[in-house]
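Asker: What follows is a structure written as C-alpha cells; I'll ask about it next.
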Amino acid sequence: MISFIFLLVGIEFNFAADPIAASRVLEEFQTVLRIITFELTCMSTISYEILESEMLPLKSNPANRKARLFAEVSQFLIDFTKSCETNPELYTGLNSCDSVCMACVLDETIINEKKHVYACVEPFGKLASGHMISDWYGHFKRESNVEIITDIDKEKFLKIFRLCVEE
Amino acid sequence: MAQSPLELVIDTDPGIDDCHAIMMALSYPNVNILGLSIVTGNTSIDNGIRNIHYLLHTFNRKDIPVFRGADRAIDGLQKYAPHVHGADGFGNVTEGKQIDLDLLSDEPAAVALVRLARENQGELVLAAIGPLTNVFLAQRLDPEFSRNLKYLYIMGGNCTVPRFDTLSSK
C-alpha cells in the first residue's frame, strides 16, 4: 500500500505570515471555525474570458464607480496570474482567494461539502512553519476542531463575485 | 418576518483579493458590517489603512469604522507580498494619492474585536481574510472571545486532500 509520508509544498500566505497566531487560533478557539484553504480557491478561479468580456468592460460606464475600482485594482493581480503560465495551480484564471471565503460567509448555501477534522498548524521551523496538517484519518486521536470546506457551488460563487461590478 | 441581518466584522490585510471580498460584502443585501480591522500581511499596516479608506470612500460608506491592528506578526517579522498585490497592496492604485483617513478609530483592532464580540454575543460572524495576528491577540485579551463568536471563517491554510495527505495512511 502506498503511504504518503512526505510534506507537500503548499504553504499558504496568511498562515505562513503569522504561523504562531494561526497555530494558536486553531488550537484554542471554541467556536465554529470554517476554513477556506488555498487549494479550494485554486479550484474556484474566475476565467479570463468572463473577466475580460463581461466584468472589466463595465468600467467604461462613468456612473459605475464600483466597476472602475474593480478594474483598476484588479489589473495587477490579473497580470500576475497570467505571468504564471507554467504553474498549473495558478494559471487557470483570476484566483481571488478572499472572495471565495467571503462568498461562504454571505451565503452558506454555496458550501457543497465540508469535512469536520482535527487540524493544526506548524508554528516554528525554517521549512514548514505555517503548514496546516489536516488529520483526515484520525491519526492524532483528537476531536475535530475545524470544518474544512472542500467544495463550493461555482455558479453561485460567480454570481456573488459579479456583485463587485454591478451597480 | 424579515430575516435578521448578518452581523459581520472583517479582519483584513487589504490586498487585491481582500478588495474583492469587501466589495462583495458591501454589495450584498442584509449585511451589517460593524467594522473592518486591519492587519499586516499583503502590505504594511499603513498601506492597508489607506487602501481600505480608498475603497470605503468609493462606496461612500462613512458608517463603517476602521481599526488599526498589528503592524507585524507575533514573531516580530513583517512579510509582504508586493509581487502579487503591488507595492501599495492595491495594484499600485493608491500610491501617491491624497487619502483622508477619516474613518480610522482610536481603538486598537484587537480591543475592538473583543468589544464587538461581547456586544454581539453569539451573533457576530468574523471573517478573517488576512494573517491571524489580530484574531489571536483578541483571544489573549479576552479568553471568552472565541466563545462569543457565532462563526469564525478563515481564508488560510493549505489543504492536502485525502489520498494525498501528509500523514502516513499505511
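In the C-alpha cells, chains take the letters A, B, ... in the order shown, each chain's residues start at 1, and ligands count up from 1 in the order shown.
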Extract, using only C-alpha atoms, all DNA, RNA and protein residues at most 8 Å from Phe38 of chain A, discarding same-chain residues fewer than 3 positions from it, and format them as an MDAnalysis selection string.

Answerer: (chainID A and resid 12 41:42 97) or (chainID B and resid 155:159)

Asker: Give me the residues near segment 3-12 of chain B as a ChimeraX atom specification, where near means some atom within 7 Å (using only C-alpha atoms) and where sequence neighbours in that chain fewer than 5 positions away do not count.

Answerer: /B:18,30-39,123-130

Asker: Would you export the selected residues with C-alpha atoms as a PDB file, in the first residue's frame, please?

Answerer:
```pdb
ATOM      1  CA  ASP B  18      -9.414  41.497   0.048  1.00  0.00           C
ATOM      2  CA  ASN B  30     -28.892  42.363   4.667  1.00  0.00           C
ATOM      3  CA  VAL B  31     -25.309  42.565   5.905  1.00  0.00           C
ATOM      4  CA  ASN B  32     -24.373  44.816   8.807  1.00  0.00           C
ATOM      5  CA  ILE B  33     -20.621  45.449   8.674  1.00  0.00           C
ATOM      6  CA  LEU B  34     -19.713  46.530  12.202  1.00  0.00           C
ATOM      7  CA  GLY B  35     -16.091  47.285  11.464  1.00  0.00           C
ATOM      8  CA  LEU B  36     -13.008  46.495   9.434  1.00  0.00           C
ATOM      9  CA  SER B  37      -9.907  45.597  11.416  1.00  0.00           C
ATOM     10  CA  ILE B  38      -6.635  45.908   9.559  1.00  0.00           C
ATOM     11  CA  VAL B  39      -3.672  43.599   9.926  1.00  0.00           C
ATOM     12  CA  GLU B 123     -24.340  36.678  16.727  1.00  0.00           C
ATOM     13  CA  LEU B 124     -21.068  38.034  15.410  1.00  0.00           C
ATOM     14  CA  VAL B 125     -19.519  36.432  12.361  1.00  0.00           C
ATOM     15  CA  LEU B 126     -15.825  37.177  11.960  1.00  0.00           C
ATOM     16  CA  ALA B 127     -14.289  36.811   8.525  1.00  0.00           C
ATOM     17  CA  ALA B 128     -10.512  36.606   8.883  1.00  0.00           C
ATOM     18  CA  ILE B 129      -9.027  37.124   5.438  1.00  0.00           C
ATOM     19  CA  GLY B 130      -5.501  38.102   6.475  1.00  0.00           C
TER      20      GLY B 130
END
```

Asker: Kindly determine which residues of chain B lie within 7 Å of chain A, considering only C-alpha atoms, and give the answer as a VMD selection string.

Answerer: chain B and resid 16 to 18 20 to 21 23 to 24 27 41 58 73 to 74 79 84 to 86 90 to 91 93 129 to 133 136 146 to 147 149 to 159 162 164 to 170

Asker: Please give the complete set of residues from chain A that DSSP, run on the backbone, assigns to helix (DSSP H, G or I), formatted as a CSV table (one decimal) with N, CA and C atoms, in the first residue's frame.

Answerer:
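Saved as selection.csv:
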```
chain,number,residue,atom,x,y,z
A,13,PHE,N,-0.1,31.8,2.2
A,13,PHE,CA,0.5,33.0,2.7
A,13,PHE,C,0.0,33.4,4.1
A,14,ASN,N,-1.3,33.5,4.3
A,14,ASN,CA,-1.8,34.0,5.6
A,14,ASN,C,-1.3,33.2,6.8
A,15,PHE,N,-1.2,31.9,6.7
A,15,PHE,CA,-0.7,31.1,7.8
A,15,PHE,C,0.8,31.2,7.9
A,16,ALA,N,1.5,31.3,6.7
A,16,ALA,CA,2.9,31.5,6.8
A,16,ALA,C,3.4,32.8,7.3
A,17,ALA,N,2.5,33.8,7.1
A,17,ALA,CA,2.9,35.2,7.5
A,17,ALA,C,2.9,35.3,9.1
A,19,PRO,N,2.6,32.2,11.6
A,19,PRO,CA,2.3,30.8,11.9
A,19,PRO,C,2.0,30.6,13.4
A,20,ILE,N,2.5,31.4,14.2
A,20,ILE,CA,2.3,31.2,15.7
A,20,ILE,C,0.8,31.6,15.9
A,21,ALA,N,0.3,32.7,15.4
A,21,ALA,CA,-1.1,33.1,15.6
A,21,ALA,C,-2.0,32.0,15.0
A,22,ALA,N,-1.7,31.6,13.8
A,22,ALA,CA,-2.5,30.5,13.1
A,22,ALA,C,-2.6,29.3,14.0
A,23,SER,N,-1.4,28.9,14.5
A,23,SER,CA,-1.4,27.7,15.3
A,23,SER,C,-2.2,27.8,16.5
A,24,ARG,N,-2.1,28.9,17.2
A,24,ARG,CA,-2.9,29.1,18.5
A,24,ARG,C,-4.4,29.2,18.2
A,25,VAL,N,-4.7,29.9,17.2
A,25,VAL,CA,-6.2,30.1,16.9
A,25,VAL,C,-6.8,28.7,16.6
A,26,LEU,N,-6.2,27.9,15.8
A,26,LEU,CA,-6.7,26.5,15.6
A,26,LEU,C,-6.8,25.7,16.8
A,27,GLU,N,-5.8,25.9,17.7
A,27,GLU,CA,-5.7,25.0,18.9
A,27,GLU,C,-6.7,25.5,20.0
A,28,GLU,N,-6.9,26.8,20.1
A,28,GLU,CA,-7.6,27.3,21.3
A,28,GLU,C,-9.0,27.7,21.0
A,38,PHE,N,-6.3,27.4,0.5
A,38,PHE,CA,-5.7,27.9,-0.7
A,38,PHE,C,-6.1,27.0,-1.9
A,39,GLU,N,-6.1,25.7,-1.7
A,39,GLU,CA,-6.5,24.8,-2.8
A,39,GLU,C,-7.9,25.0,-3.2
A,40,LEU,N,-8.8,25.2,-2.3
A,40,LEU,CA,-10.2,25.4,-2.7
A,40,LEU,C,-10.3,26.6,-3.6
A,41,THR,N,-9.6,27.7,-3.2
A,41,THR,CA,-9.6,28.9,-4.0
A,41,THR,C,-9.0,28.7,-5.4
A,42,CYS,N,-8.0,27.8,-5.5
A,42,CYS,CA,-7.4,27.5,-6.8
A,42,CYS,C,-8.5,26.8,-7.7
A,48,TYR,N,-10.6,34.2,-17.4
A,48,TYR,CA,-10.2,35.4,-18.0
A,48,TYR,C,-11.3,35.9,-19.0
A,49,GLU,N,-11.9,34.9,-19.6
A,49,GLU,CA,-13.0,35.2,-20.6
A,49,GLU,C,-14.1,36.0,-19.9
A,50,ILE,N,-14.6,35.5,-18.7
A,50,ILE,CA,-15.6,36.2,-18.0
A,50,ILE,C,-15.1,37.6,-17.6
A,51,LEU,N,-13.9,37.6,-17.1
A,51,LEU,CA,-13.4,38.9,-16.6
A,51,LEU,C,-13.3,39.9,-17.8
A,52,GLU,N,-12.7,39.5,-18.9
A,52,GLU,CA,-12.5,40.4,-20.0
A,52,GLU,C,-13.7,40.7,-20.9
A,53,SER,N,-14.6,39.8,-21.0
A,53,SER,CA,-15.8,40.1,-21.8
A,53,SER,C,-16.9,40.7,-21.0
A,54,GLU,N,-17.0,40.3,-19.7
A,54,GLU,CA,-18.2,40.7,-19.0
A,54,GLU,C,-18.0,41.7,-17.9
A,55,MET,N,-16.9,41.5,-17.1
A,55,MET,CA,-16.7,42.3,-15.9
A,55,MET,C,-15.9,43.6,-16.1
A,56,LEU,N,-14.7,43.5,-16.7
A,56,LEU,CA,-13.8,44.7,-16.8
A,56,LEU,C,-14.4,45.7,-17.7
A,57,PRO,N,-15.1,45.4,-18.8
A,57,PRO,CA,-15.6,46.5,-19.7
A,57,PRO,C,-16.6,47.4,-19.0
A,58,LEU,N,-17.2,47.0,-17.9
A,58,LEU,CA,-18.2,47.8,-17.3
A,58,LEU,C,-17.6,49.1,-16.7
A,59,LYS,N,-16.2,49.1,-16.7
A,59,LYS,CA,-15.5,50.3,-16.1
A,59,LYS,C,-15.8,51.6,-17.0
A,60,SER,N,-16.1,51.3,-18.3
A,60,SER,CA,-16.3,52.4,-19.2
A,60,SER,C,-17.6,53.2,-18.9
A,65,ARG,N,-18.9,53.4,-10.5
A,65,ARG,CA,-17.6,53.6,-9.7
A,65,ARG,C,-17.1,52.3,-9.2
A,66,LYS,N,-18.0,51.4,-8.9
A,66,LYS,CA,-17.5,50.1,-8.4
A,66,LYS,C,-16.7,49.3,-9.5
A,67,ALA,N,-17.3,49.4,-10.7
A,67,ALA,CA,-16.6,48.6,-11.8
A,67,ALA,C,-15.2,49.3,-12.1
A,68,ARG,N,-15.1,50.6,-12.0
A,68,ARG,CA,-13.9,51.3,-12.2
A,68,ARG,C,-12.9,50.9,-11.2
A,69,LEU,N,-13.3,50.9,-9.9
A,69,LEU,CA,-12.4,50.5,-8.8
A,69,LEU,C,-12.0,49.0,-9.0
A,70,PHE,N,-12.9,48.2,-9.3
A,70,PHE,CA,-12.6,46.7,-9.6
A,70,PHE,C,-11.5,46.6,-10.6
A,71,ALA,N,-11.7,47.3,-11.7
A,71,ALA,CA,-10.8,47.2,-12.9
A,71,ALA,C,-9.4,47.7,-12.5
A,72,GLU,N,-9.4,48.9,-11.9
A,72,GLU,CA,-8.1,49.5,-11.7
A,72,GLU,C,-7.3,48.7,-10.6
A,73,VAL,N,-7.9,48.2,-9.6
A,73,VAL,CA,-7.2,47.5,-8.5
A,73,VAL,C,-6.8,46.1,-9.0
A,74,SER,N,-7.7,45.4,-9.8
A,74,SER,CA,-7.5,44.0,-10.1
A,74,SER,C,-6.4,43.8,-11.2
A,75,GLN,N,-6.2,44.8,-12.0
A,75,GLN,CA,-5.3,44.6,-13.2
A,75,GLN,C,-3.9,44.0,-12.8
A,76,PHE,N,-3.4,44.4,-11.7
A,76,PHE,CA,-2.1,44.0,-11.2
A,76,PHE,C,-2.1,42.5,-10.9
A,77,LEU,N,-3.2,42.0,-10.2
A,77,LEU,CA,-3.3,40.6,-9.9
A,77,LEU,C,-3.6,39.8,-11.1
A,78,ILE,N,-4.4,40.3,-12.1
A,78,ILE,CA,-4.6,39.6,-13.3
A,78,ILE,C,-3.3,39.4,-14.1
A,79,ASP,N,-2.5,40.5,-14.1
A,79,ASP,CA,-1.2,40.4,-14.8
A,79,ASP,C,-0.3,39.4,-14.1
A,80,PHE,N,-0.4,39.4,-12.8
A,80,PHE,CA,0.5,38.4,-12.0
A,80,PHE,C,0.1,37.0,-12.4
A,81,THR,N,-1.2,36.7,-12.3
A,81,THR,CA,-1.7,35.3,-12.5
A,81,THR,C,-1.4,34.9,-14.0
A,82,LYS,N,-1.5,35.8,-14.9
A,82,LYS,CA,-1.2,35.5,-16.3
A,82,LYS,C,0.3,35.2,-16.5
A,97,CYS,N,-8.7,34.7,-3.7
A,97,CYS,CA,-8.8,33.8,-2.5
A,97,CYS,C,-9.9,34.3,-1.5
A,98,ASP,N,-9.7,35.6,-1.1
A,98,ASP,CA,-10.6,36.1,-0.1
A,98,ASP,C,-12.0,36.1,-0.5
A,99,SER,N,-12.3,36.3,-1.8
A,99,SER,CA,-13.7,36.3,-2.3
A,99,SER,C,-14.4,35.0,-2.1
A,100,VAL,N,-13.6,33.9,-2.2
A,100,VAL,CA,-14.2,32.6,-2.0
A,100,VAL,C,-14.7,32.5,-0.6
A,101,CYS,N,-13.8,32.9,0.3
A,101,CYS,CA,-14.1,32.9,1.8
A,101,CYS,C,-15.4,33.8,2.0
A,102,MET,N,-15.4,35.0,1.4
A,102,MET,CA,-16.5,35.9,1.7
A,102,MET,C,-17.8,35.4,1.1
A,103,ALA,N,-17.7,34.7,0.0
A,103,ALA,CA,-18.9,34.1,-0.6
A,103,ALA,C,-19.6,33.1,0.4
A,104,CYS,N,-18.7,32.3,1.0
A,104,CYS,CA,-19.2,31.3,2.0
A,104,CYS,C,-19.9,32.1,3.2
A,105,VAL,N,-19.3,33.2,3.6
A,105,VAL,CA,-19.8,34.0,4.7
A,105,VAL,C,-21.2,34.5,4.4
A,106,LEU,N,-21.3,35.0,3.2
A,106,LEU,CA,-22.5,35.7,2.8
A,106,LEU,C,-23.7,34.8,2.4
A,108,GLU,N,-24.2,30.7,3.0
A,108,GLU,CA,-23.7,29.4,3.4
A,108,GLU,C,-24.2,28.3,2.4
A,109,THR,N,-25.2,28.6,1.6
A,109,THR,CA,-25.7,27.5,0.7
A,109,THR,C,-24.8,27.3,-0.4
A,110,ILE,N,-23.7,28.1,-0.6
A,110,ILE,CA,-22.8,27.8,-1.7
A,110,ILE,C,-21.8,26.6,-1.3
A,154,LYS,N,-19.8,26.6,-7.8
A,154,LYS,CA,-19.1,27.6,-8.6
A,154,LYS,C,-20.0,28.7,-9.2
A,155,GLU,N,-21.2,28.2,-9.6
A,155,GLU,CA,-22.1,29.2,-10.3
A,155,GLU,C,-22.6,30.2,-9.3
A,156,LYS,N,-22.9,29.7,-8.1
A,156,LYS,CA,-23.4,30.7,-7.0
A,156,LYS,C,-22.2,31.6,-6.7
A,157,PHE,N,-21.0,31.1,-6.6
A,157,PHE,CA,-19.9,31.9,-6.2
A,157,PHE,C,-19.7,33.0,-7.3
A,158,LEU,N,-19.8,32.6,-8.5
A,158,LEU,CA,-19.6,33.6,-9.6
A,158,LEU,C,-20.7,34.7,-9.5
A,159,LYS,N,-21.9,34.3,-9.2
A,159,LYS,CA,-23.0,35.3,-9.1
A,159,LYS,C,-22.7,36.3,-8.0
A,160,ILE,N,-22.2,35.8,-6.9
A,160,ILE,CA,-21.8,36.8,-5.8
A,160,ILE,C,-20.6,37.6,-6.2
A,161,PHE,N,-19.7,37.0,-6.8
A,161,PHE,CA,-18.5,37.7,-7.3
A,161,PHE,C,-18.8,38.9,-8.2
A,162,ARG,N,-19.8,38.6,-9.1
A,162,ARG,CA,-20.2,39.7,-10.0
A,162,ARG,C,-20.7,40.9,-9.3
A,163,LEU,N,-21.1,40.8,-8.1
A,163,LEU,CA,-21.6,42.0,-7.4
A,163,LEU,C,-20.5,43.1,-7.3
A,164,CYS,N,-19.3,42.7,-7.4
A,164,CYS,CA,-18.2,43.6,-7.4
A,164,CYS,C,-18.3,44.7,-8.5
```

Asker: Among segment 72-137 of chain B, which residues does DSSP mark as strand (DSSP E) when it is run on the backbone? Keep the chain and numbering as in the structure and answer as a short mmCIF file (atom, residue, chain, number, x, y, z; two decimals) with C-alpha atoms, in the first residue's frame.

Answerer:
```
data_model
loop_
_atom_site.label_atom_id
_atom_site.label_comp_id
_atom_site.auth_asym_id
_atom_site.auth_seq_id
_atom_site.Cartn_x
_atom_site.Cartn_y
_atom_site.Cartn_z
CA LEU B 124 -21.07 38.03 15.41
CA VAL B 125 -19.52 36.43 12.36
CA LEU B 126 -15.83 37.18 11.96
CA ALA B 127 -14.29 36.81 8.52
CA ALA B 128 -10.51 36.61 8.88
#
```

Asker: Tell me, in Å to one decimal, how far atom CA of Leu113 of chain B is from atom CA of Arg61 of chain B.

Answerer: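 Computing it gives 20.1 Å between the two atoms.
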
Asker: Could you tell me how far atom CA of Leu116 of chain B lies from atom CA of Leu104 of chain B, in Å and to one decimal?

Answerer: 16.0 Å

Asker: Mind checking which residues fall within 10 Å of Thr43 of chain B, counting only C-alpha atoms, ignoring those fewer than 4 positions away in the same chain, and posting them as JSON, numbers by chain?

Answerer: {"B": [13, 14, 15, 39, 47, 48, 49, 51, 71, 78, 79, 80, 81, 82, 85, 86, 87, 88, 89, 90]}

Asker: Please write the residues from the selection above to a file, keeping C-alpha atoms, as a compact mmCIF listing (two decimals), in the first residue's frame.

Answerer:
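Output file out08.txt follows:
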```txt
# COMPACT_ATOMS: atom_id res chain seq x y z
CA ASP B 13 -4.78 42.80 5.17
CA PRO B 14 -6.07 44.96 2.34
CA GLY B 15 -4.68 43.48 -0.83
CA VAL B 39 -3.67 43.60 9.93
CA ASN B 47 -0.83 50.97 3.26
CA GLY B 48 -3.66 48.70 4.39
CA ILE B 49 -5.37 51.53 6.25
CA ASN B 51 -6.35 51.15 0.85
CA ASP B 71 1.98 46.02 12.33
CA GLN B 78 6.89 41.55 8.52
CA LYS B 79 6.27 39.58 5.33
CA TYR B 80 4.54 41.38 2.48
CA ALA B 81 3.51 40.22 -0.99
CA PRO B 82 4.26 43.15 -3.35
CA HIS B 85 -0.56 42.88 -4.84
CA GLY B 86 1.74 45.75 -5.87
CA ALA B 87 3.92 47.94 -3.68
CA ASP B 88 0.88 49.58 -2.07
CA GLY B 89 -1.13 46.34 -1.81
CA PHE B 90 -3.81 47.69 -4.14
```

Asker: Kindly give the distance, in Å, that separates atom CA of Asp102 of chain B and atom CA of Ala25 of chain B, rounded to a single decimal.

Answerer: 20.8 Å
